[in-house]
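Take a look at the structure below.
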Amino acid sequence: MSHETLAIIWFGLWGLIWTVYFILDGYTLGTGMLFPFITKNRQERNQLQEAVGPFWGGNEVWLITAGGATFAAFPTTYANMFSYLYTPMMLILFALFFRAAGLEFMHKEESPRWQNSWKWSFFGSSVALSFLFGVTFANLYYGLKIGPSGYEGTLLSLLHPYGILGGLLFISLFIVSGSLWIMIKTTGDVADRAYRIARPASVVAAGILAIFFVATSNRTPLFTNFTKLPVLWIIPALAFVASLLTLLFVWQKRIGLAFTNICLTIFSMMATGFIGMFPNMLPSRIADKYSTTLFEAAGSELNLKIMLGVAIVMVPIVIGYQLWSYKLFKEKISKETAKGYQ
Amino acid sequence: MSDVLLLSRFQFAITVFYHFLFVPLTIGLVILVAFMETQYVRTKNPLYRQMADFWGKLFTINFVLGVVTGITMEFQFGTNWSEYSKYMGDIFGSPLAIEALAAFFLESTFMGIWLFGKDKISPKLRAFSMWMVALGTNISALWIITANGFMQNPVGYVLRNGRVELENFWALVTNPYAWHMFVHTVVSCYIVGSFFVMAVSAYHLLRKQHVEFFQKSFKYALIFGLVAATATPFIGHKSASFAAKMQPAKGAALEAVWETQEGLPFHIIQIPDPENERNLVEFLTIPKLGSYFYTHSFDGKVTGFDQIPKDERPNVTIVFYSFRLMVALGLYFLAVVWYGFYLYRKNKLLESKRYLKLVMYSVLLPYIAINAGWTVAEVGRQPWTVYGLMRTAEAVSPISLSQIIFSLVSLVIFYTILLIADVYLMIKYAKKGPYASSDVKGGEVQHVS
């Protein structure tokens, strides 16, 4: 296998790991964003905590793996991405602190003030994470202000309308995912309330996705690769169709299928982005020569080979025991039995 | 030194110390909890299950902050040390990615299974889950120290394409420097775990509450600590003498050796004076012992700072005192566990209030010792970030002063909030003991099934 082929395979894996992270953490982030509004008492909060509790830690490791894989396979991308996007990365980091602590510390003390603070920190950090990730990826599609001496923008230069639209897209997709997850995992009032949110949310998400694709076509060079190889249009088309199917299945109350389709929407939406960026990993909006491409960022041939071997061995094992844990906790959580984080 | 560099170093030091407030307890305590689970499987005695529940709960409170402060470390190589990441990423990135794949998934997934399954799953599966968490935390230590080992003693690399590239993966994973540090670190973490359990147990034993429960907990922690604290001086000595051989400047700083000499004496009391390149005080001197420590020969030659250029020396004061502090505490732990063992054998543990108090107030000392040890390892390597290859000053990101100030201030504020919440919860649940107060009737402890 040539060095170039290896680098391309790793680009695919890089995109895949990010995508898996967003699919998996999407439902926890969505649950976090809905948390204060669809729970009315301690027992219902316990239900939601238990709906995500056994899984979210393992899901978050996909983010850490995405970071580690970027570092290992594309050191220059890792270095540039994290230092160019210094402030948003720090904000993501802080939100990760308070999401974890909010979820796990919330019920460890009886005082309402304590519980409220952590409840809202769980909510706020879930919103912040979804929005920031959306803004970040929209800016990767849009192109960053990278010039001859590195990143020339600020935090505010990421918050152009297209960037904000990306943030809203992520928020809406994750809210749909979260509300459906809650319906799959719980019974009773919380599940009913989640359904009342899922209906309008799935309409909004499909709408924002359509607007996002139109804006992508008008404002970004992302679809250039698709016009070069038209068969690729299947992928964004799939994203759009899956978002409509999600909507349809939500209204038919076929929740398993709706959840599958929202995951498929996230998958093909992310895939569209990575295909469109190829071979850039950090595209420059100023001039293409300042972009960081996968070829110039790739690690050495030996490193990529070894890491590929490690991934081929370890990833199936990880997926195996993660699936097993989903099977172990497949029962629906009722108000009466939910314990949450004690 | 530029402000950005100085503040970036400061931020790294703060975040790594914070992270390392949680990690050692995670690595040490999990083994004890897993052992309690195993004992429950073997004996079906509900006491063991209560022990696993109680210590497991304290473990989880600590665990979550170990995880979140760890993400900071991963992000920071990119945000603040991007030049380092570009230059070293081909070698340094892979242990981090493997750490996530082989360790983080394992510990996080099984932590979730244990936490939410403990009342549903079989005792065997509970024990298995806890052992998987234990395996994950220890594998995690191995890979991150493999990465750090490369910074201390670069092996298996070649300089190509203007960066460090991987040449021999096997050399990277068998780096003797990393293995010395790994063994020393995890065994020291076991001391942290054992002192934590002993201290909390001592608190309750002093109040004569849940005596059976905490006596048993104390016993296990004591035995665990006995093994770890007894092994540590040997492991630590090997680690230090190896470090001194590989990094003469760090070696010279350990005992503040200014002149290269054979038959170096050892001063029990010594005050270095780096300004004038001499020791201000040398007191209670044992001839030739210094050479023995460094070389295992009383007449061995020890390299002093006279052979090391000034711009390749670490901060002698910090390294010297951190090293002394670590060693002194290590010997103190040894005394505490062996004296405890003596009391235990004589069946006098419960009556020895002074000893129990001593143990209780010693709970933070292993944390100080282990952080002092890492200070020796990291400050002792300066001015290099990767020994002999890259200076710390060359590694920093080209970020602006306002960015680093923003992140540093926010990190300090947020970490302080999290630390306060965490310590508050730890103390609350540690004091609460294994039973809810409603279960204690008329001084009699009712077993909760």
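Following the order of the structure tokens, chains are lettered A, B, ..., residues in each are numbered from 1, and ligands are numbered from 1.
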Review point. Just asking: which residues within region 120-311 of chain B are strand (DSSP E or B) according to DSSP, as a list in words?
Key: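 So the strand (DSSP E or B) residues in region 120-311 of chain B would be Tyr157, Val158, Leu159, Arg160, Arg163, Val164, Glu165, Leu166, Gln261, Glu262, Phe266, His267, Ile268, Ile269, Gln270, Ile271, Pro272, Asp273, Arg278, Asn279, Leu280, Val281, Glu282, Phe283, Leu284, Thr285, Ile286, Lys301 and Val302 of chain B.
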Practice item. Write out as JSON, numbers by chain all residues of region 245-395 of chain B that DSSP puts in helix (DSSP H, G or I) for this structure's backbone. Key: {"B": [245, 246, 248, 249, 250, 251, 252, 253, 254, 274, 275, 276, 289, 290, 291, 292, 293, 294, 295, 305, 306, 307, 310, 311, 312, 316, 317, 318, 319, 320, 321, 322, 323, 324, 325, 326, 327, 328, 329, 330, 331, 332, 333, 334, 335, 336, 337, 338, 339, 340, 341, 342, 343, 344, 345, 353, 354, 355, 356, 357, 358, 359, 360, 361, 365, 366, 367, 368, 369, 370, 371, 372, 373, 374, 375, 376, 377, 378, 379, 392, 393, 394, 395]}
Practice item. Compile the contact shell of region 137-148 of chain B as a PyMOL selection string: residues with an atom at most 10 Å away, counting only C-alpha atoms, same-chain residues fewer than 4 positions apart removed. Key: chain B and resi 23-24+26-28+30-31+91-104+106-108+131-133+152-154+172-183+185-186+377-378+385-386
Mind dumping a table of every chain A residue within 7 Å of chain B, with the nearest atom pair and its distance in Å to one decimal, using only C-alpha atoms, sorted by chain and rising number, as CSV?
residue,atom,partner,partner_atom,distance
A:Gly53,CA,B:Gly112,CA,6.6
A:Pro54,CA,B:Gly112,CA,4.1
A:Phe55,CA,B:Gly112,CA,6.3
A:Gly57,CA,B:Ser108,CA,5.3
A:Gly58,CA,B:Thr109,CA,4.7
A:Val61,CA,B:Phe105,CA,6.0
A:Ile64,CA,B:Ala100,CA,6.6
A:Thr65,CA,B:Ala100,CA,5.5
A:Gly68,CA,B:Ala97,CA,4.2
A:Ala69,CA,B:Ala97,CA,5.4
A:Phe71,CA,B:Gly93,CA,4.8
A:Ala72,CA,B:Gly93,CA,3.8
A:Pro75,CA,B:Gly89,CA,4.8
A:Thr76,CA,B:Lys86,CA,5.0
A:Tyr78,CA,B:Gly78,CA,6.0
A:Ala79,CA,B:Ser82,CA,4.4
A:Asn80,CA,B:Ser82,CA,6.8
A:Phe82,CA,B:Thr79,CA,4.6
A:Ser83,CA,B:Thr79,CA,4.1
A:Tyr86,CA,B:Thr79,CA,5.6
A:Thr87,CA,B:Gln403,CA,6.9
A:Met90,CA,B:Ser407,CA,6.7
A:Leu93,CA,B:Thr72,CA,6.6
A:Leu96,CA,B:Val68,CA,6.9
A:Phe97,CA,B:Val68,CA,5.5
A:Gly299,CA,B:Asp90,CA,5.3
A:Ser300,CA,B:Glu165,CA,6.2
A:Leu302,CA,B:Leu166,CA,6.7
A:Asn303,CA,B:Leu166,CA,6.1
A:Met307,CA,B:Ser94,CA,6.8
A:Met314,CA,B:Leu101,CA,6.4
A:Val318,CA,B:Phe105,CA,6.7
A:Gln322,CA,B:Thr109,CA,6.6
A:Ser325,CA,B:Ile113,CA,6.7
Review point. Near Gly256 (chain A), within 9 Å and counting only C-alpha atoms, which residues show up once chain neighbours fewer than 4 positions away are dropped, as a VMD selection string?
Key: chain A and resid 180 to 181 184 249 260 to 261
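When only C-alpha atoms are used to measure the gap to Ile255 (chain A), the shortest distance among A:Ala215, A:Ala297, A:Val176, A:Val310 belongs to A:Val176.
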**Study point:** Exercise: region 104-109 of chain A partners within 7 Å, only C-alpha atoms, chain neighbours under 2 positions left out, as a VMD selection string
**Key:** chain A and resid 100 to 102 111 114 to 115 118 to 119 341 to 342
**Study point:** Polymer residues at most 7 Å from Ala298 (chain A), only C-alpha atoms, same-chain spacing of 6 or more positions, as a list in words
**Key:** Ala7, Ala73, Phe74 and Pro75 of chain A
